[in-house]
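data.pdb, holding PDB, C-alpha atoms, pLDDT in the B column:
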```pdb
ATOM      1  CA  MET A  15    -237.900   3.287 -91.110  1.00 43.00           C
ATOM      2  CA  SER A  16    -235.113   4.739 -88.925  1.00 61.00           C
ATOM      3  CA  GLU A  17    -232.450   7.085 -90.229  1.00 81.00           C
ATOM      4  CA  ARG A  18    -229.542   5.433 -91.982  1.00 94.00           C
ATOM      5  CA  GLU A  19    -226.276   5.998 -90.135  1.00 98.00           C
ATOM      6  CA  LEU A  20    -222.967   7.361 -91.405  1.00 98.00           C
ATOM      7  CA  HIS A  21    -220.004   6.925 -89.063  1.00 98.00           C
ATOM      8  CA  VAL A  22    -216.707   8.585 -90.015  1.00 98.00           C
ATOM      9  CA  ILE A  23    -213.657   6.981 -88.393  1.00 98.00           C
ATOM     10  CA  SER A  24    -210.324   8.794 -88.090  1.00 97.00           C
ATOM     11  CA  ASN A  25    -207.484   7.132 -89.991  1.00 94.00           C
ATOM     12  CA  GLY A  26    -204.567   7.848 -87.672  1.00 95.00           C
ATOM     13  CA  LYS A  27    -202.746   9.839 -90.359  1.00 95.00           C
ATOM     14  CA  LEU A  28    -203.886  13.410 -89.726  1.00 97.00           C
ATOM     15  CA  ALA A  29    -202.610  16.079 -87.377  1.00 97.00           C
ATOM     16  CA  TRP A  30    -205.286  17.355 -85.002  1.00 98.00           C
ATOM     17  CA  LYS A  31    -205.454  20.665 -86.867  1.00 98.00           C
ATOM     18  CA  GLU A  32    -206.099  18.857 -90.168  1.00 98.00           C
ATOM     19  CA  MET A  33    -208.689  16.598 -88.564  1.00 98.00           C
ATOM     20  CA  ALA A  34    -210.483  19.560 -87.004  1.00 98.00           C
ATOM     21  CA  ALA A  35    -210.562  21.454 -90.310  1.00 98.00           C
ATOM     22  CA  ILE A  36    -212.389  18.552 -91.962  1.00 98.00           C
ATOM     23  CA  ALA A  37    -214.541  17.623 -88.946  1.00 98.00           C
ATOM     24  CA  ILE A  38    -215.925  21.143 -88.601  1.00 98.00           C
ATOM     25  CA  GLN A  39    -217.218  20.907 -92.177  1.00 98.00           C
ATOM     26  CA  ILE A  40    -218.665  17.391 -92.108  1.00 98.00           C
ATOM     27  CA  HIS A  41    -220.139  17.063 -88.617  1.00 98.00           C
ATOM     28  CA  PRO A  42    -223.580  18.480 -89.536  1.00 97.00           C
ATOM     29  CA  TYR A  43    -224.097  15.632 -91.998  1.00 97.00           C
ATOM     30  CA  VAL A  44    -222.856  12.549 -90.123  1.00 98.00           C
ATOM     31  CA  THR A  45    -224.086  10.345 -87.277  1.00 97.00           C
ATOM     32  CA  ALA A  46    -220.738  10.258 -85.481  1.00 98.00           C
ATOM     33  CA  ILE A  47    -217.070  11.110 -85.897  1.00 98.00           C
ATOM     34  CA  HIS A  48    -214.957   8.397 -84.278  1.00 98.00           C
ATOM     35  CA  ILE A  49    -211.608   9.337 -82.788  1.00 98.00           C
ATOM     36  CA  ARG A  50    -209.619   6.149 -83.372  1.00 97.00           C
ATOM     37  CA  GLU A  51    -205.950   6.980 -82.859  1.00 97.00           C
ATOM     38  CA  LYS A  52    -204.367   3.722 -81.727  1.00 93.00           C
ATOM     39  CA  ASN A  53    -200.795   4.864 -82.372  1.00 94.00           C
ATOM     40  CA  LYS A  54    -200.998   8.036 -80.299  1.00 96.00           C
ATOM     41  CA  PRO A  55    -200.424   8.158 -76.508  1.00 97.00           C
ATOM     42  CA  MET A  56    -203.547   8.371 -74.376  1.00 97.00           C
ATOM     43  CA  ASP A  57    -202.771  11.849 -73.050  1.00 97.00           C
ATOM     44  CA  GLU A  58    -202.282  13.161 -76.586  1.00 98.00           C
ATOM     45  CA  VAL A  59    -205.628  11.680 -77.628  1.00 98.00           C
ATOM     46  CA  PHE A  60    -207.342  13.406 -74.700  1.00 98.00           C
ATOM     47  CA  MET A  61    -205.735  16.734 -75.595  1.00 98.00           C
ATOM     48  CA  GLY A  62    -206.728  16.163 -79.218  1.00 98.00           C
ATOM     49  CA  VAL A  63    -210.338  15.605 -78.220  1.00 98.00           C
ATOM     50  CA  GLN A  64    -210.256  18.815 -76.180  1.00 98.00           C
ATOM     51  CA  TYR A  65    -208.862  20.648 -79.204  1.00 98.00           C
ATOM     52  CA  LEU A  66    -211.646  19.351 -81.450  1.00 98.00           C
ATOM     53  CA  LEU A  67    -214.226  20.514 -78.927  1.00 98.00           C
ATOM     54  CA  GLU A  68    -212.600  23.939 -78.709  1.00 98.00           C
ATOM     55  CA  GLN A  69    -212.759  24.216 -82.505  1.00 98.00           C
ATOM     56  CA  GLY A  70    -216.532  23.807 -82.405  1.00 98.00           C
ATOM     57  CA  ILE A  71    -217.152  20.143 -83.114  1.00 98.00           C
ATOM     58  CA  PRO A  72    -220.156  19.201 -80.921  1.00 98.00           C
ATOM     59  CA  ALA A  73    -219.377  16.755 -78.121  1.00 97.00           C
ATOM     60  CA  GLN A  74    -222.505  14.802 -79.033  1.00 96.00           C
ATOM     61  CA  THR A  75    -221.060  14.047 -82.473  1.00 98.00           C
ATOM     62  CA  LEU A  76    -217.709  12.771 -81.200  1.00 98.00           C
ATOM     63  CA  CYS A  77    -217.178   9.104 -80.373  1.00 98.00           C
ATOM     64  CA  ILE A  78    -213.979   8.014 -78.646  1.00 97.00           C
ATOM     65  CA  ASN A  79    -212.555   4.584 -79.383  1.00 96.00           C
ATOM     66  CA  GLY A  80    -211.179   2.528 -76.523  1.00 93.00           C
ATOM     67  CA  TYR A  81    -211.262   4.947 -73.565  1.00 93.00           C
ATOM     68  CA  PRO A  82    -214.470   4.728 -71.500  1.00 92.00           C
ATOM     69  CA  TRP A  83    -213.209   7.284 -68.951  1.00 92.00           C
ATOM     70  CA  MET A  84    -212.535   9.788 -71.722  1.00 94.00           C
ATOM     71  CA  ALA A  85    -216.068   9.567 -73.100  1.00 93.00           C
ATOM     72  CA  THR A  86    -217.401  10.360 -69.633  1.00 91.00           C
ATOM     73  CA  ALA A  87    -214.834  13.034 -68.727  1.00 93.00           C
ATOM     74  CA  ALA A  88    -215.308  14.948 -71.982  1.00 94.00           C
ATOM     75  CA  GLY A  89    -219.074  14.427 -72.127  1.00 93.00           C
ATOM     76  CA  LEU A  90    -218.886  12.824 -75.556  1.00 95.00           C
ATOM     77  CA  GLY A  91    -221.873  11.398 -77.383  1.00 95.00           C
ATOM     78  CA  GLY A  92    -220.275   8.062 -78.142  1.00 95.00           C
ATOM     79  CA  LEU A  93    -217.927   5.349 -76.914  1.00 95.00           C
ATOM     80  CA  HIS A  94    -216.697   2.607 -79.211  1.00 96.00           C
ATOM     81  CA  LEU A  95    -214.886  -0.488 -77.975  1.00 95.00           C
ATOM     82  CA  PRO A  96    -212.768  -3.118 -79.730  1.00 93.00           C
ATOM     83  CA  GLU A  97    -213.897  -6.741 -79.777  1.00 92.00           C
ATOM     84  CA  SER A  98    -211.198  -7.614 -77.219  1.00 90.00           C
ATOM     85  CA  PHE A  99    -212.750  -5.438 -74.511  1.00 88.00           C
ATOM     86  CA  PRO A 100    -214.163  -7.265 -71.470  1.00 83.00           C
ATOM     87  CA  GLN A 101    -217.846  -7.658 -70.735  1.00 78.00           C
ATOM     88  CA  LEU A 102    -219.715  -4.522 -71.664  1.00 84.00           C
ATOM     89  CA  LEU A 103    -221.871  -4.608 -68.535  1.00 77.00           C
ATOM     90  CA  THR A 104    -218.764  -3.936 -66.433  1.00 75.00           C
ATOM     91  CA  ILE A 105    -217.876  -0.903 -68.522  1.00 77.00           C
ATOM     92  CA  LYS A 106    -221.393   0.529 -68.369  1.00 71.00           C
ATOM     93  CA  GLU A 107    -221.569   0.083 -64.592  1.00 71.00           C
ATOM     94  CA  SER A 108    -218.175   1.719 -64.046  1.00 70.00           C
ATOM     95  CA  TYR A 109    -218.707   4.709 -66.319  1.00 69.00           C
ATOM     96  CA  GLN A 110    -222.220   6.023 -65.945  1.00 63.00           C
ATOM     97  CA  SER A 111    -222.915   8.359 -68.835  1.00 64.00           C
ATOM     98  CA  ALA A 112    -225.446   9.117 -71.530  1.00 67.00           C
ATOM     99  CA  HIS A 113    -223.056   8.232 -74.349  1.00 85.00           C
ATOM    100  CA  ARG A 114    -224.020   5.671 -76.973  1.00 93.00           C
ATOM    101  CA  THR A 115    -221.820   2.569 -76.793  1.00 94.00           C
ATOM    102  CA  GLY A 116    -220.858   0.356 -79.723  1.00 96.00           C
ATOM    103  CA  VAL A 117    -218.516  -2.601 -80.151  1.00 96.00           C
ATOM    104  CA  SER A 118    -216.553  -3.942 -83.104  1.00 97.00           C
ATOM    105  CA  VAL A 119    -217.452  -7.552 -83.911  1.00 97.00           C
ATOM    106  CA  HIS A 120    -216.284 -10.079 -86.478  1.00 95.00           C
ATOM    107  CA  SER A 121    -218.828 -12.870 -86.083  1.00 96.00           C
ATOM    108  CA  THR A 122    -222.535 -13.468 -85.571  1.00 97.00           C
ATOM    109  CA  GLU A 123    -221.851 -15.031 -82.175  1.00 97.00           C
ATOM    110  CA  GLU A 124    -219.967 -11.987 -80.942  1.00 96.00           C
ATOM    111  CA  ALA A 125    -222.694  -9.651 -82.208  1.00 97.00           C
ATOM    112  CA  VAL A 126    -225.378 -11.596 -80.323  1.00 97.00           C
ATOM    113  CA  LYS A 127    -223.216 -11.638 -77.179  1.00 96.00           C
ATOM    114  CA  ARG A 128    -222.577  -7.888 -77.296  1.00 95.00           C
ATOM    115  CA  GLU A 129    -226.254  -7.137 -77.832  1.00 96.00           C
ATOM    116  CA  SER A 130    -227.103  -9.203 -74.745  1.00 95.00           C
ATOM    117  CA  GLU A 131    -224.555  -7.150 -72.766  1.00 92.00           C
ATOM    118  CA  GLY A 132    -226.254  -3.888 -73.713  1.00 92.00           C
ATOM    119  CA  ALA A 133    -224.398  -2.611 -76.793  1.00 94.00           C
ATOM    120  CA  ASP A 134    -226.327   0.081 -78.639  1.00 95.00           C
ATOM    121  CA  TYR A 135    -224.902  -1.001 -82.003  1.00 97.00           C
ATOM    122  CA  VAL A 136    -222.179  -3.221 -83.470  1.00 98.00           C
ATOM    123  CA  LEU A 137    -219.614  -2.377 -86.130  1.00 98.00           C
ATOM    124  CA  TYR A 138    -219.083  -5.341 -88.455  1.00 98.00           C
ATOM    125  CA  GLY A 139    -216.505  -5.907 -91.168  1.00 94.00           C
ATOM    126  CA  HIS A 140    -214.554  -5.730 -93.201  1.00 92.00           C
ATOM    127  CA  ILE A 141    -217.168  -6.241 -95.900  1.00 96.00           C
ATOM    128  CA  PHE A 142    -215.108  -5.562 -99.042  1.00 94.00           C
ATOM    129  CA  ALA A 143    -211.382  -5.714 -99.750  1.00 84.00           C
ATOM    130  CA  THR A 144    -209.637  -2.640 -98.412  1.00 74.00           C
ATOM    131  CA  GLY A 145    -206.127  -1.239 -98.293  1.00 67.00           C
ATOM    132  CA  SER A 146    -206.150  -1.209 -94.501  1.00 65.00           C
ATOM    133  CA  LYS A 147    -206.683  -5.001 -94.411  1.00 63.00           C
ATOM    134  CA  LEU A 148    -204.313  -6.206 -97.127  1.00 61.00           C
ATOM    135  CA  GLY A 149    -204.213  -9.978 -97.478  1.00 65.00           C
ATOM    136  CA  VAL A 150    -207.201 -10.518 -95.183  1.00 72.00           C
ATOM    137  CA  GLU A 151    -210.252 -12.119 -96.776  1.00 83.00           C
ATOM    138  CA  PRO A 152    -213.293  -9.802 -96.622  1.00 88.00           C
ATOM    139  CA  ARG A 153    -216.356 -11.155 -94.833  1.00 91.00           C
ATOM    140  CA  GLY A 154    -218.728 -10.122 -97.599  1.00 95.00           C
ATOM    141  CA  LEU A 155    -222.405  -9.338 -97.896  1.00 97.00           C
ATOM    142  CA  GLU A 156    -223.703 -12.819 -97.046  1.00 96.00           C
ATOM    143  CA  GLN A 157    -222.046 -12.815 -93.633  1.00 96.00           C
ATOM    144  CA  LEU A 158    -223.230  -9.249 -93.074  1.00 97.00           C
ATOM    145  CA  GLY A 159    -226.769 -10.448 -93.732  1.00 97.00           C
ATOM    146  CA  ASN A 160    -226.361 -13.299 -91.236  1.00 97.00           C
ATOM    147  CA  VAL A 161    -225.258 -10.896 -88.508  1.00 98.00           C
ATOM    148  CA  SER A 162    -228.028  -8.404 -89.273  1.00 97.00           C
ATOM    149  CA  ARG A 163    -230.716 -11.089 -89.006  1.00 97.00           C
ATOM    150  CA  GLN A 164    -229.526 -12.312 -85.616  1.00 98.00           C
ATOM    151  CA  VAL A 165    -229.565  -9.006 -83.707  1.00 98.00           C
ATOM    152  CA  THR A 166    -232.099  -6.214 -83.273  1.00 97.00           C
ATOM    153  CA  ILE A 167    -229.607  -3.402 -82.643  1.00 97.00           C
ATOM    154  CA  PRO A 168    -228.126  -1.499 -85.620  1.00 98.00           C
ATOM    155  CA  VAL A 169    -225.331  -3.216 -87.531  1.00 98.00           C
ATOM    156  CA  ILE A 170    -222.904  -0.715 -89.041  1.00 98.00           C
ATOM    157  CA  ALA A 171    -220.891  -2.090 -91.957  1.00 98.00           C
ATOM    158  CA  ILE A 172    -217.252  -1.138 -92.499  1.00 97.00           C
ATOM    159  CA  GLY A 173    -214.534  -1.935 -94.998  1.00 95.00           C
ATOM    160  CA  GLY A 174    -214.102  -0.824 -98.583  1.00 94.00           C
ATOM    161  CA  ILE A 175    -217.481   0.872 -98.775  1.00 96.00           C
ATOM    162  CA  THR A 176    -217.784   3.358-101.626  1.00 96.00           C
ATOM    163  CA  PRO A 177    -220.959   5.284-102.485  1.00 97.00           C
ATOM    164  CA  ALA A 178    -221.605   2.766-105.272  1.00 96.00           C
ATOM    165  CA  ARG A 179    -221.594  -0.088-102.726  1.00 97.00           C
ATOM    166  CA  VAL A 180    -223.913   1.535-100.181  1.00 97.00           C
ATOM    167  CA  ARG A 181    -227.115   0.066-101.574  1.00 96.00           C
ATOM    168  CA  SER A 182    -225.841  -3.525-101.539  1.00 97.00           C
ATOM    169  CA  VAL A 183    -224.742  -3.155 -97.918  1.00 97.00           C
ATOM    170  CA  LEU A 184    -228.126  -1.802 -96.817  1.00 97.00           C
ATOM    171  CA  VAL A 185    -230.042  -4.435 -98.791  1.00 96.00           C
ATOM    172  CA  ALA A 186    -227.973  -7.068 -96.962  1.00 97.00           C
ATOM    173  CA  GLY A 187    -229.377  -5.727 -93.691  1.00 97.00           C
ATOM    174  CA  ALA A 188    -226.983  -3.085 -92.375  1.00 97.00           C
ATOM    175  CA  SER A 189    -228.456  -0.014 -90.680  1.00 97.00           C
ATOM    176  CA  GLY A 190    -225.607   2.176 -91.838  1.00 98.00           C
ATOM    177  CA  ILE A 191    -221.978   2.401 -92.869  1.00 98.00           C
ATOM    178  CA  ALA A 192    -218.615   3.459 -91.480  1.00 98.00           C
ATOM    179  CA  VAL A 193    -216.001   5.121 -93.677  1.00 98.00           C
ATOM    180  CA  MET A 194    -212.362   6.115 -93.177  1.00 96.00           C
ATOM    181  CA  SER A 195    -210.196   6.925 -96.208  1.00 93.00           C
ATOM    182  CA  GLY A 196    -213.190   7.522 -98.467  1.00 95.00           C
ATOM    183  CA  ILE A 197    -213.791  10.769 -96.570  1.00 97.00           C
ATOM    184  CA  TRP A 198    -210.578  11.869 -94.803  1.00 97.00           C
ATOM    185  CA  GLU A 199    -208.436  11.300 -97.910  1.00 96.00           C
ATOM    186  CA  ALA A 200    -210.967  12.615-100.434  1.00 97.00           C
ATOM    187  CA  ASP A 201    -210.134  15.694-102.494  1.00 97.00           C
ATOM    188  CA  ASP A 202    -213.338  17.250-101.184  1.00 98.00           C
ATOM    189  CA  PRO A 203    -214.423  15.566 -97.914  1.00 98.00           C
ATOM    190  CA  VAL A 204    -217.738  17.438 -97.766  1.00 97.00           C
ATOM    191  CA  GLU A 205    -218.745  16.350-101.265  1.00 98.00           C
ATOM    192  CA  SER A 206    -217.681  12.811-100.414  1.00 98.00           C
ATOM    193  CA  VAL A 207    -219.885  12.824 -97.313  1.00 98.00           C
ATOM    194  CA  LYS A 208    -222.787  14.159 -99.365  1.00 97.00           C
ATOM    195  CA  ALA A 209    -222.302  11.380-101.941  1.00 97.00           C
ATOM    196  CA  TYR A 210    -222.610   8.751 -99.184  1.00 97.00           C
ATOM    197  CA  ILE A 211    -225.605  10.538 -97.682  1.00 96.00           C
ATOM    198  CA  ARG A 212    -227.398  10.617-101.035  1.00 96.00           C
ATOM    199  CA  GLU A 213    -227.043   6.850-101.364  1.00 96.00           C
ATOM    200  CA  LEU A 214    -228.147   6.251 -97.775  1.00 96.00           C
ATOM    201  CA  GLN A 215    -231.229   8.432 -98.230  1.00 92.00           C
ATOM    202  CA  GLN A 216    -232.158   6.892-101.569  1.00 88.00           C
ATOM    203  CA  GLU A 217    -232.142   3.417-100.069  1.00 67.00           C
ATOM    204  CA  LYS A 218    -234.171   4.646 -97.099  1.00 60.00           C
ATOM    205  CA  THR A 219    -236.764   6.062 -99.519  1.00 59.00           C
ATOM    206  CA  ARG A 220    -236.886   2.779-101.439  1.00 58.00           C
ATOM    207  CA  GLY A 221    -237.477   0.908 -98.184  1.00 54.00           C
ATOM    208  CA  GLU A 222    -240.279   3.229 -97.146  1.00 56.00           C
ATOM    209  CA  ARG A 223    -241.981   2.721-100.493  1.00 47.00           C
ATOM    210  CA  LEU A 224    -241.772  -1.049-100.138  1.00 44.00           C
ATOM    211  CA  GLU A 225    -243.203  -0.886 -96.609  1.00 54.00           C
ATOM    212  CA  ALA A 226    -246.089   1.258 -97.844  1.00 42.00           C
ATOM    213  CA  TYR A 227    -246.751  -1.161-100.693  1.00 47.00           C
ATOM    214  CA  GLU A 228    -246.802  -4.162 -98.362  1.00 53.00           C
TER
END
```
As structure tokens, the full file:
Amino acid sequence: MSERELHVISNGKLAWKEMAAIAIQIHPYVTAIHIREKNKPMDEVFMGVQYLLEQGIPAQTLCINGYPWMATAAGLGGLHLPESFPQLLTIKESYQSAHRTGVSVHSTEEAVKRESEGADYVLYGHIFATGSKLGVEPRGLEQLGNVSRQVTIPVIAIGGITPARVRSVLVAGASGIAVMSGIWEADDPVESVKAYIRELQQEKTRGERLEAYE
């Protein structure tokens, strides 16, 4: 059974210095730290990425959202694209790099389409009610299961995921989780990350035991 993934997505509320202070502590434990700063100008985002790298966050751990050129220019480990982005094949041909590329999706059909285009994973949600999506009906565990059964690439679940909800998300078929406020806004971000990791590892162990039994 492959490693369960933990993606930490920036919340757009922190100064770069604050983000770096947390990122330098949590990066050894997580799969990827996503820089998702939609309200900041592109040049500021690029300078922010450079600052994070200068502070010691490994390039391989950083994933930039929405800027293919930036992932290549900064030698980052990941590129994440919104659902509205054009065909992924065009992006991959234009920006040759070793970075891992994921796409946000909100339906089974879109997940299947993005897999066929070469996505390395899809981010699906929101699964549970969350403050960042007030008034929008969550997609829930059943729909997460439908998506997970229709693709072979990892499905990363996002939206209202607390440590107590990790097991239900993985049982539904997700390969991992993505978290924003549950880590960046925690009193102790490192302990919060460790709480998620414990749940991810426990479910991985349960799955390995079941596979051995079968």
Let me make sure I understand: among A:Ala143, A:Ala34, A:Ala46, A:Leu95, which one has the smallest atom-to-atom distance to Gln74 (chain A) if we use all atoms listed in the file?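 Among the listed residues, the smallest separation from Gln74 (chain A) belongs to A:Ala46.
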CA of Val119 (chain A) and CA of Thr166 (chain A) are how many Å apart?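 Distance reported for this atom pair: 14.7 Å.
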Using the chain letters and numbers from the file, give me the residues hit by the PyMOL selection byres ((chain A and resi 159) around 9), as a VMD selection string. chain A and resid 154 to 158 160 to 164 183 185 to 188
Within 12 Å of Arg114 (chain A) using only C-alpha atoms, minus same-chain residues under 2 positions, as a PyMOL selection string: chain A and resi 45-46+48+74-79+82+85-86+89-95+106+109-112+116-117+132-136+168
Take the residues from that selection and put them in a file with C-alpha atoms, as a compact mmCIF listing (two decimals), in the frame of the given file.
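Final output, part.txt:
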```
# COMPACT_ATOMS: atom_id res chain seq x y z
CA THR A 45 -224.09 10.34 -87.28
CA ALA A 46 -220.74 10.26 -85.48
CA HIS A 48 -214.96 8.40 -84.28
CA GLN A 74 -222.50 14.80 -79.03
CA THR A 75 -221.06 14.05 -82.47
CA LEU A 76 -217.71 12.77 -81.20
CA CYS A 77 -217.18 9.10 -80.37
CA ILE A 78 -213.98 8.01 -78.65
CA ASN A 79 -212.56 4.58 -79.38
CA PRO A 82 -214.47 4.73 -71.50
CA ALA A 85 -216.07 9.57 -73.10
CA THR A 86 -217.40 10.36 -69.63
CA GLY A 89 -219.07 14.43 -72.13
CA LEU A 90 -218.89 12.82 -75.56
CA GLY A 91 -221.87 11.40 -77.38
CA GLY A 92 -220.28 8.06 -78.14
CA LEU A 93 -217.93 5.35 -76.91
CA HIS A 94 -216.70 2.61 -79.21
CA LEU A 95 -214.89 -0.49 -77.97
CA LYS A 106 -221.39 0.53 -68.37
CA TYR A 109 -218.71 4.71 -66.32
CA GLN A 110 -222.22 6.02 -65.94
CA SER A 111 -222.92 8.36 -68.83
CA ALA A 112 -225.45 9.12 -71.53
CA GLY A 116 -220.86 0.36 -79.72
CA VAL A 117 -218.52 -2.60 -80.15
CA GLY A 132 -226.25 -3.89 -73.71
CA ALA A 133 -224.40 -2.61 -76.79
CA ASP A 134 -226.33 0.08 -78.64
CA TYR A 135 -224.90 -1.00 -82.00
CA VAL A 136 -222.18 -3.22 -83.47
CA PRO A 168 -228.13 -1.50 -85.62
```
So what do you get for CA of Glu199 (chain A) versus CA of Asn25 (chain A), distance-wise? 9.0 Å
Work out where the centre of an axis-aligned box around every listed atom of region 170-188 of chain A lies and how long its edges are once 8 Å is added on each side; give both in Å to one decimal as lines of an AutoDock Vina configuration file.
```
center_x = -222.1
center_y = -0.9
center_z = -97.2
size_x = 31.9
size_y = 28.4
size_z = 32.2
```
At a cut-off of 12 Å, using all atoms listed in the file, what residues contact Glu205 (chain A)? Leave out same-chain residues fewer than 3 positions from it and give the result as a PDB file with C-alpha atoms, keeping the file's coordinate frame.
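File result.pdb, as written:
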```
ATOM      1  CA  ILE A  36    -212.389  18.552 -91.962  1.00 98.00           C
ATOM      2  CA  GLN A  39    -217.218  20.907 -92.177  1.00 98.00           C
ATOM      3  CA  ILE A  40    -218.665  17.391 -92.108  1.00 98.00           C
ATOM      4  CA  TYR A  43    -224.097  15.632 -91.998  1.00 97.00           C
ATOM      5  CA  PRO A 177    -220.959   5.284-102.485  1.00 97.00           C
ATOM      6  CA  GLY A 196    -213.190   7.522 -98.467  1.00 95.00           C
ATOM      7  CA  ILE A 197    -213.791  10.769 -96.570  1.00 97.00           C
ATOM      8  CA  TRP A 198    -210.578  11.869 -94.803  1.00 97.00           C
ATOM      9  CA  GLU A 199    -208.436  11.300 -97.910  1.00 96.00           C
ATOM     10  CA  ALA A 200    -210.967  12.615-100.434  1.00 97.00           C
ATOM     11  CA  ASP A 201    -210.134  15.694-102.494  1.00 97.00           C
ATOM     12  CA  ASP A 202    -213.338  17.250-101.184  1.00 98.00           C
ATOM     13  CA  LYS A 208    -222.787  14.159 -99.365  1.00 97.00           C
ATOM     14  CA  ALA A 209    -222.302  11.380-101.941  1.00 97.00           C
ATOM     15  CA  TYR A 210    -222.610   8.751 -99.184  1.00 97.00           C
ATOM     16  CA  ILE A 211    -225.605  10.538 -97.682  1.00 96.00           C
ATOM     17  CA  ARG A 212    -227.398  10.617-101.035  1.00 96.00           C
TER      18      ARG A 212
END
```
Rank A:Val204, A:Ala125, A:Ile47, A:Leu214 by their smallest atom-to-atom distance to Glu97 (chain A), using only C-alpha atoms, and report the top residue only. A:Ala125
Expand the PyMOL selection byres ((chain A and resi 190-192) around 6) into the individual residues it matches in the shown file, reporting them as a count of residues only. 11
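Across the structure, CA of His120 (chain A) and CA of Val180 (chain A) are spaced 19.5 Å apart.
Of the listed residues (A:Val63, A:Met84, A:Ile175, A:Met56), A:Ile175 comes nearest to Ser195 (chain A); the distances count all atoms listed in the file.
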Calculated over all atoms listed in the file, which of the candidates A:Glu213, A:Glu151, A:Asp57, A:Glu129 has the smallest distance to Arg179 (chain A)?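 Of the candidates, the smallest distance to Arg179 (chain A) is held by A:Glu213.
Shortest atom-to-atom contact with Ala35 (chain A) among A:Gln64, A:Asn53, A:Gln69, A:Ser118: A:Gln69, counting all atoms listed in the file.
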Which polymer residues have any atom within 12 Å of an atom of Gly62 (chain A), counting only C-alpha atoms, with same-chain residues fewer than 6 positions away left out, as number ranges by chain? A: 28-34, 49-51, 54-56, 68-69, 71, 76, 78, 84, 88
Counting only C-alpha atoms, which residue out of A:Ser24, A:Gln215, A:Ser206, A:Thr115 sits closest to Leu137 (chain A)?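 Distance minimum relative to Leu137 (chain A) lands on A:Thr115.
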